[in-house]
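Content type compact mmCIF, C-alpha atoms, from the file my_file-v3.txt:
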```txt
# COMPACT_ATOMS: atom_id res chain seq x y z
CA MET C 28 -75.07 136.62 -48.60
CA VAL C 29 -72.41 139.28 -48.89
CA ASN C 30 -70.87 139.85 -52.32
CA ILE C 31 -67.19 139.83 -53.20
CA SER C 32 -65.77 143.33 -53.59
CA SER C 33 -63.15 144.53 -56.06
CA VAL C 34 -60.98 145.10 -52.96
CA PRO C 35 -59.25 141.78 -52.18
CA ASN C 36 -60.71 139.92 -49.17
CA GLU C 37 -63.51 142.47 -48.72
CA TYR C 38 -67.24 141.98 -49.17
CA TYR C 39 -70.29 144.23 -49.43
CA LEU C 40 -74.05 144.02 -48.87
CA GLY C 41 -76.33 144.40 -51.88
CA ASP C 42 -76.65 148.08 -52.78
CA LEU C 43 -75.77 149.58 -56.15
CA PRO C 44 -72.19 150.75 -56.81
CA GLY C 45 -71.60 154.42 -55.99
CA THR C 46 -74.28 154.63 -53.32
CA LEU C 47 -73.81 155.62 -49.71
CA GLN C 48 -75.51 153.23 -47.31
CA TYR C 49 -77.46 155.23 -44.71
CA SER C 50 -80.47 153.04 -44.08
CA LYS C 51 -79.73 149.35 -43.73
CA GLU C 52 -82.09 147.26 -41.65
CA ALA C 53 -80.50 145.29 -38.80
CA ASP C 54 -82.32 142.14 -39.99
CA GLU C 55 -80.61 142.33 -43.39
CA ILE C 56 -77.23 142.23 -41.68
CA ILE C 57 -78.26 139.56 -39.14
CA ASP C 58 -79.72 137.31 -41.85
CA THR C 59 -76.67 137.57 -44.11
CA GLU C 60 -74.74 134.38 -44.74
CA LEU C 61 -71.02 134.93 -44.37
CA PRO C 62 -68.31 132.95 -46.17
CA ASP C 63 -65.22 131.69 -44.37
CA ASP C 64 -62.44 134.23 -44.82
CA ASP C 65 -60.13 134.95 -41.89
CA ASN C 66 -58.13 137.69 -43.65
CA THR C 67 -58.59 140.86 -41.58
CA CYS C 68 -56.89 143.06 -44.21
CA GLY C 69 -55.10 144.67 -41.27
CA TYR C 70 -58.29 145.98 -39.63
CA THR C 71 -58.60 145.93 -35.85
CA LEU C 72 -61.19 147.24 -33.42
CA CYS C 73 -60.72 150.89 -32.52
CA GLU C 74 -62.02 153.34 -29.97
CA HIS C 75 -65.62 154.48 -30.05
CA SER C 76 -65.12 158.19 -29.46
CA LEU C 77 -66.58 161.52 -30.54
CA GLU C 78 -63.40 162.16 -32.54
CA ASN C 79 -63.78 158.91 -34.50
CA LEU C 80 -67.52 159.46 -34.95
CA GLN C 81 -66.78 162.85 -36.54
CA ARG C 82 -64.24 161.19 -38.86
CA VAL C 83 -66.93 158.96 -40.38
CA THR C 84 -69.92 161.31 -40.34
CA PRO C 85 -70.48 163.09 -43.66
CA GLN C 86 -71.12 166.83 -43.28
CA THR C 87 -74.48 166.34 -44.97
CA GLN C 88 -75.57 164.19 -42.01
CA ARG C 89 -74.71 166.66 -39.22
CA HIS C 90 -78.22 166.81 -37.72
CA ILE C 91 -78.67 163.06 -37.45
CA LYS C 92 -77.96 161.57 -34.04
CA TRP C 93 -75.55 158.71 -34.70
CA LYS C 94 -74.21 156.07 -32.33
CA ILE C 95 -71.24 153.88 -33.20
CA ILE C 96 -72.15 150.19 -33.28
CA LEU C 97 -68.80 149.04 -34.63
CA MET C 98 -65.66 150.71 -35.88
CA MET C 99 -62.47 149.11 -37.18
CA LYS C 100 -59.22 150.78 -38.23
CA MET C 101 -56.36 149.96 -40.58
CA GLU C 102 -53.11 151.89 -40.97
CA ASN C 103 -50.63 151.07 -43.71
CA GLU C 104 -47.02 151.86 -44.57
CA LEU C 105 -48.11 154.64 -46.98
CA GLY C 106 -49.50 156.73 -44.09
CA GLU C 107 -53.08 155.93 -44.97
CA THR C 108 -55.57 155.36 -42.17
CA TRP C 109 -58.91 153.77 -43.01
CA LEU C 110 -61.98 153.43 -40.80
CA LYS C 111 -64.88 151.05 -41.43
CA ALA C 112 -67.96 151.94 -39.41
CA ALA C 113 -71.50 150.84 -38.71
CA LEU C 114 -73.53 153.67 -37.18
CA LEU C 115 -76.99 153.52 -35.67
CA ASN C 116 -79.39 156.36 -36.50
CA LYS C 117 -80.93 156.97 -33.07
CA ASP C 118 -84.14 158.36 -34.58
CA THR C 119 -84.92 155.72 -37.22
CA GLY C 120 -83.06 152.65 -35.96
CA LYS C 121 -81.47 152.26 -39.41
CA ILE C 122 -77.78 151.48 -39.83
CA ALA C 123 -75.26 153.41 -41.92
CA LEU C 124 -72.20 151.64 -43.33
CA LEU C 125 -69.28 153.94 -44.12
CA THR C 126 -65.61 153.90 -45.08
CA SER C 127 -63.52 156.92 -44.11
CA THR C 128 -59.88 157.85 -44.63
CA ASN C 129 -57.41 160.51 -43.50
CA HIS C 130 -56.78 162.06 -46.92
CA ARG C 131 -59.04 162.78 -49.89
CA ASN C 132 -56.43 161.47 -52.36
CA ASN C 133 -56.83 158.00 -50.86
CA ILE C 134 -60.37 158.04 -52.29
CA VAL C 135 -59.70 159.98 -55.52
CA ARG C 136 -56.77 157.75 -56.47
CA ARG C 137 -59.19 154.79 -56.48
CA GLY C 138 -61.54 156.58 -58.88
CA SER C 139 -64.19 157.52 -56.33
CA ARG C 140 -65.63 160.75 -55.01
CA PRO C 141 -64.69 161.94 -51.50
CA VAL C 142 -67.36 163.40 -49.22
CA ARG C 143 -66.25 165.78 -46.45
CA THR C 144 -66.83 164.68 -42.88
CA LEU C 145 -67.38 166.63 -39.68
CA ASP C 146 -63.61 166.29 -39.17
CA ALA C 147 -62.04 168.60 -41.79
CA ASN C 148 -59.07 166.26 -42.27
CA TRP C 149 -61.12 163.16 -43.12
CA VAL C 150 -63.37 162.09 -46.00
CA VAL C 151 -65.88 159.33 -46.63
CA GLY C 152 -65.87 157.46 -49.92
CA HIS C 153 -69.06 157.97 -51.95
CA TYR C 154 -69.60 154.24 -52.50
CA ARG C 155 -71.10 151.20 -50.86
CA MET C 156 -68.93 149.98 -48.02
CA SER C 157 -66.92 146.82 -48.37
CA ALA C 158 -65.15 145.25 -45.41
CA PRO C 159 -63.38 142.06 -44.38
CA ILE C 160 -65.56 139.21 -43.10
CA THR C 161 -64.26 139.87 -39.58
CA PHE C 162 -66.10 143.22 -39.68
CA TRP C 163 -69.36 141.62 -40.83
CA LYS C 164 -69.11 138.82 -38.22
CA GLU C 165 -68.49 141.29 -35.40
CA LEU C 166 -71.31 143.56 -36.58
CA LYS C 167 -73.69 140.63 -36.78
CA ASN C 168 -72.75 139.57 -33.24
CA ARG C 169 -73.25 143.08 -31.87
CA LEU C 170 -76.70 143.29 -33.46
CA LEU C 171 -77.67 139.85 -32.17
CA TYR C 172 -76.30 140.02 -28.66
```
As structure tokens, what does this structure read like?
Amino acid sequence: MVNISSVPNEYYLGDLPGTLQYSKEADEIIDTELPDDDNTCGYTLCEHSLENLQRVTPQTQRHIKWKIILMMKMENELGETWLKAALLNKDTGKIALLTSTNHRNNIVRRGSRPVRTLDANWVVGHYRMSAPITFWKELKNRLLY
């Protein structure tokens, strides 16, 4: 089962706080029980593109061949843009779960460490990813079907 995050209406899978999730097994996601929670937190599906892939790929992972499985986007009235992504490592078959944003202060202000991405204007939060249940349901469906 997913766990309730400190972010309202978001949930995370297992891992310790402050850890990036680069190697989740598909079965762990598929076998996860999901609670009923229809709040999308403003996230909607977004384009799977090279530009968006670079926005969620930490610079430290530049030699890994990633494929987007799922990406969702949320923009708010403060000018913040957030991306939630599940990426497939083409070599290992493992899944990375990442949260990215368009300004490092969006991460720092929440007490976390930003990690530079392949897009110089974006950063990934150095923490386990939490996301609305709609993200987890869609990811589960994409892995199953």
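Note that the spacing between atom CA of Tyr49 of chain C and atom CA of Thr126 of chain C amounts to 11.9 Å.
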Of C:Asn79, C:Asn168, C:Thr84, C:Asn133, the one sitting nearest Asp54 of chain C when using only C-alpha atoms is C:Asn168
One residue among C:Arg82, C:His75, C:His90, C:Lys51 is nearest to Val150 of chain C when using only C-alpha atoms, and that residue is C:Arg82
Skipping near chain neighbours, those fewer than 6 positions away, what residues fall within 12 Å of Arg169 of chain C using all atoms listed in the file, listed as a PyMOL selection string? chain C and resi 53+56-57+95-98+113-115+162-163
- Separation of atom CA of Thr161 of chain C and atom CA of Lys94 of chain C, in Å?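 For atom CA of Thr161 of chain C relative to atom CA of Lys94 of chain C, the distance reads 20.3 Å.
The spacing separating atom CA of Leu105 of chain C from atom CA of Leu166 of chain C amounts to 27.7 Å.
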Using all atoms listed in the file: which of C:Thr46, C:Ser33, C:Thr59, C:Asn103 has the shortest distance to Val151 of chain C: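 Closest to Val151 of chain C, using all atoms listed in the file: C:Thr46.
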Of C:Pro159, C:Asp146, C:Glu60, C:Val135, the one nearest to Ala112 of chain C when counting only C-alpha atoms is C:Pro159
- prompt: Smallest atom-to-atom distance to Glu37 of chain C: which of C:Glu165, C:Asp118, C:Ser157, C:Thr144, using only C-alpha atoms?
  reply: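 The shortest atom-to-atom distance to Glu37 of chain C comes from C:Ser157.
Each of C:Gly138, C:Val34, C:Leu125, C:Tyr39 was compared to Leu80 of chain C using only C-alpha atoms, and C:Leu125 turns out to be the nearest.
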Find the smallest box with edges along x, y and z containing every listed atom of segment 44-56 of chain C, then add 8 Å on each side and report centre and edge lengths in Å to one decimal, as JSON.
```
{"center_x": -77.0, "center_y": 148.9, "center_z": -47.8, "size_x": 26.7, "size_y": 29.5, "size_z": 34.0}
```
